Amino acid sequence: MHIQYIIEKISLKGQKERSVQDFEKPEIIIGRGSRADILLRESIVAFLHARLCLKENRLFIERIESRKCIISVNGRVIKQSLLMTGDTIIIGNTTLTVAFENEIWQLIEVRKELILPGICGHEVKPHIFSQSLPGLDSQDRNGVVADCKIFQCNQ
């Protein structure tokens with residue numbers, strides 16, 4: 001089984017950075033626990049949230065823990081689903097797009113940097129010491145995860 005988890009980060013200046021994690025095993029676990037292969041650090045994601053399985057070169061996703069797990073595929077909450085190219089999976093606040101390229105299944109997450117309006121109402125600019133805050137992700141209107149930054153009012 002060959003699956004790639006791809007994170008595409010897009011900076012405020014439009015620069016793209018891509019990281020790829022390759023998996024060659026019969027099943028892949030998505031969750032926030034230490035046993036998860038794809039780690040989503042969100043409190044609304046279960047420790048063992050979802051399982052990806054490849055059967056006869058078809059990719060399936062299924063819910064693992066029943067109490068806390070919600071998985072949406074193309075806007076429908078599912079317990080188990082066959083995945084196809086172009087499908088959109090939502091787990092917690094994370095959106096993954098399914099692709100199949102060169103005989104490899106891919107889960108693609110796009111993260112955009114986001115400028116947040118200042119509490120003071122003024123336009124804000126990134127503080128010189130600003131950095132991404134782990135676990136503090138936000139979503140824009142398109143459901144794309146955006147890395148939040150610390151901002152300082154210049155007024």
# chains A, B, ... in the order shown; residues from 1 in each chain; ligands from 1
>>> residues_around(residues="segment 75-90 of chain A", least_positions_apart="4", cutoff="9 Å", atoms="only C-alpha atoms", output="JSON, numbers by chain")
{"A": [58, 59, 60, 61, 62, 63, 64, 66, 69, 70, 71, 94, 95, 96, 97, 98, 99, 100, 105, 106, 107]}
>>> write_last_selection(atoms="N, CA, C and O atoms", output="short mmCIF file (atom, residue, chain, number, x, y, z; two decimals), in the first residue's frame")
data_model
loop_
_atom_site.label_atom_id
_atom_site.label_comp_id
_atom_site.auth_asym_id
_atom_site.auth_seq_id
_atom_site.Cartn_x
_atom_site.Cartn_y
_atom_site.Cartn_z
N ARG A 58 -8.28 -0.02 -4.24
CA ARG A 58 -9.33 0.96 -3.92
C ARG A 58 -9.09 1.42 -2.49
O ARG A 58 -8.83 0.61 -1.60
N LEU A 59 -9.23 2.72 -2.26
CA LEU A 59 -8.95 3.30 -0.95
C LEU A 59 -10.25 3.52 -0.19
O LEU A 59 -11.20 4.11 -0.70
N PHE A 60 -10.27 3.04 1.06
CA PHE A 60 -11.43 3.18 1.94
C PHE A 60 -11.02 3.95 3.19
O PHE A 60 -9.88 3.89 3.64
N ILE A 61 -11.98 4.66 3.77
CA ILE A 61 -11.80 5.29 5.07
C ILE A 61 -12.92 4.81 5.98
O ILE A 61 -14.05 4.64 5.54
N GLU A 62 -12.57 4.57 7.26
CA GLU A 62 -13.60 4.16 8.21
C GLU A 62 -13.31 4.76 9.58
O GLU A 62 -12.17 5.05 9.93
N ARG A 63 -14.38 4.95 10.31
CA ARG A 63 -14.31 5.49 11.67
C ARG A 63 -13.79 4.41 12.59
O ARG A 63 -14.15 3.24 12.46
N ILE A 64 -12.93 4.78 13.55
CA ILE A 64 -12.40 3.80 14.51
C ILE A 64 -13.15 3.89 15.83
O ILE A 64 -13.82 2.95 16.23
N SER A 66 -16.08 5.24 18.16
CA SER A 66 -17.44 5.69 17.84
C SER A 66 -17.91 6.89 18.65
O SER A 66 -18.76 7.64 18.20
N CYS A 69 -15.81 10.36 17.11
CA CYS A 69 -15.37 10.47 15.72
C CYS A 69 -16.44 10.91 14.76
O CYS A 69 -17.47 10.25 14.63
N ILE A 70 -16.16 12.01 14.09
CA ILE A 70 -17.00 12.43 12.98
C ILE A 70 -16.07 12.57 11.77
O ILE A 70 -15.05 13.24 11.84
N ILE A 71 -16.46 11.90 10.70
CA ILE A 71 -15.73 11.99 9.44
C ILE A 71 -16.75 12.41 8.39
O ILE A 71 -17.81 11.81 8.27
N THR A 94 -9.63 19.86 9.91
CA THR A 94 -8.68 19.59 8.83
C THR A 94 -9.42 19.08 7.59
O THR A 94 -10.22 18.16 7.69
N THR A 95 -9.12 19.68 6.46
CA THR A 95 -9.69 19.27 5.19
C THR A 95 -8.60 18.62 4.35
O THR A 95 -7.53 19.19 4.16
N LEU A 96 -8.89 17.40 3.88
CA LEU A 96 -7.96 16.66 3.03
C LEU A 96 -8.63 16.39 1.70
O LEU A 96 -9.80 16.02 1.65
N THR A 97 -7.89 16.57 0.62
CA THR A 97 -8.39 16.26 -0.71
C THR A 97 -7.70 14.99 -1.20
O THR A 97 -6.49 14.85 -1.07
N VAL A 98 -8.49 14.08 -1.76
CA VAL A 98 -7.96 12.80 -2.23
C VAL A 98 -7.53 12.93 -3.68
O VAL A 98 -8.25 13.50 -4.50
N ALA A 99 -6.34 12.39 -3.99
CA ALA A 99 -5.85 12.37 -5.36
C ALA A 99 -5.22 11.00 -5.63
O ALA A 99 -4.83 10.30 -4.69
N PHE A 100 -5.16 10.63 -6.88
CA PHE A 100 -4.51 9.39 -7.30
C PHE A 100 -3.61 9.74 -8.47
O PHE A 100 -4.09 10.10 -9.54
N TRP A 105 -1.92 6.84 -4.04
CA TRP A 105 -3.01 7.59 -3.41
C TRP A 105 -2.40 8.72 -2.59
O TRP A 105 -1.40 8.53 -1.91
N GLN A 106 -3.02 9.90 -2.65
CA GLN A 106 -2.52 11.07 -1.93
C GLN A 106 -3.65 11.72 -1.13
O GLN A 106 -4.77 11.81 -1.60
N LEU A 107 -3.30 12.15 0.08
CA LEU A 107 -4.18 12.99 0.90
C LEU A 107 -3.48 14.34 0.99
O LEU A 107 -2.37 14.43 1.52
#
>>> residues_around(residues="Leu40 of chain A", least_positions_apart="4", cutoff="9 Å", atoms="only C-alpha atoms", output="PyMOL selection string")
chain A and resi 30-33+36+45+91-92+94+135
>>> closest_residue(among="A:Lys68, A:Arg18, A:His49, A:Lys25", to="Ile108 of chain A", atoms="only C-alpha atoms")
A:Arg18
>>> residues_around(residues="Pro26 of chain A", least_positions_apart="6", cutoff="12 Å", atoms="only C-alpha atoms", output="list in words")
Met1, His2, Ile3, Arg51, Leu52, Cys53, Leu54, Lys55, Glu56, Asn57, Leu59 and Phe60 of chain A
>>> write_last_selection(atoms="C-alpha atoms", output="compact mmCIF listing (two decimals), in the first residue's frame")
# COMPACT_ATOMS: atom_id res chain seq x y z
CA MET A 1 0.00 0.00 0.00
CA HIS A 2 1.46 3.32 -0.99
CA ILE A 3 -0.17 6.50 0.30
CA ARG A 51 -8.41 4.17 9.40
CA LEU A 52 -7.38 4.22 5.73
CA CYS A 53 -7.28 0.79 4.04
CA LEU A 54 -6.34 -0.18 0.51
CA LYS A 55 -8.23 -3.17 -0.91
CA GLU A 56 -7.73 -4.22 -4.54
CA ASN A 57 -6.19 -0.79 -5.23
CA LEU A 59 -8.95 3.30 -0.95
CA PHE A 60 -11.43 3.18 1.94
>>> atom_distance(atom1="atom CA of Ile10 of chain A", atom2="atom CA of Ser43 of chain A")
24.5 Å
>>> residues_around(residues="Arg35 of chain A", least_positions_apart="3", cutoff="8 Å", atoms="only C-alpha atoms", output="list in words")
Ile29, Phe47 and Leu48 of chain A
>>> select_by_dssp(residues="segment 23-128 of chain A", states="strand (DSSP E)", output="ChimeraX atom specification")
/A:23,27-31,38-39,50-55,58-63,71-73,76-78,80-83,88-91,94-101,104-114,124-126
>>> atom_distance(atom1="atom CA of Arg41 of chain A", atom2="atom CA of Tyr5 of chain A")
15.3 Å
>>> atom_distance(atom1="atom CA of Ile6 of chain A", atom2="atom CA of Glu27 of chain A")
17.0 Å
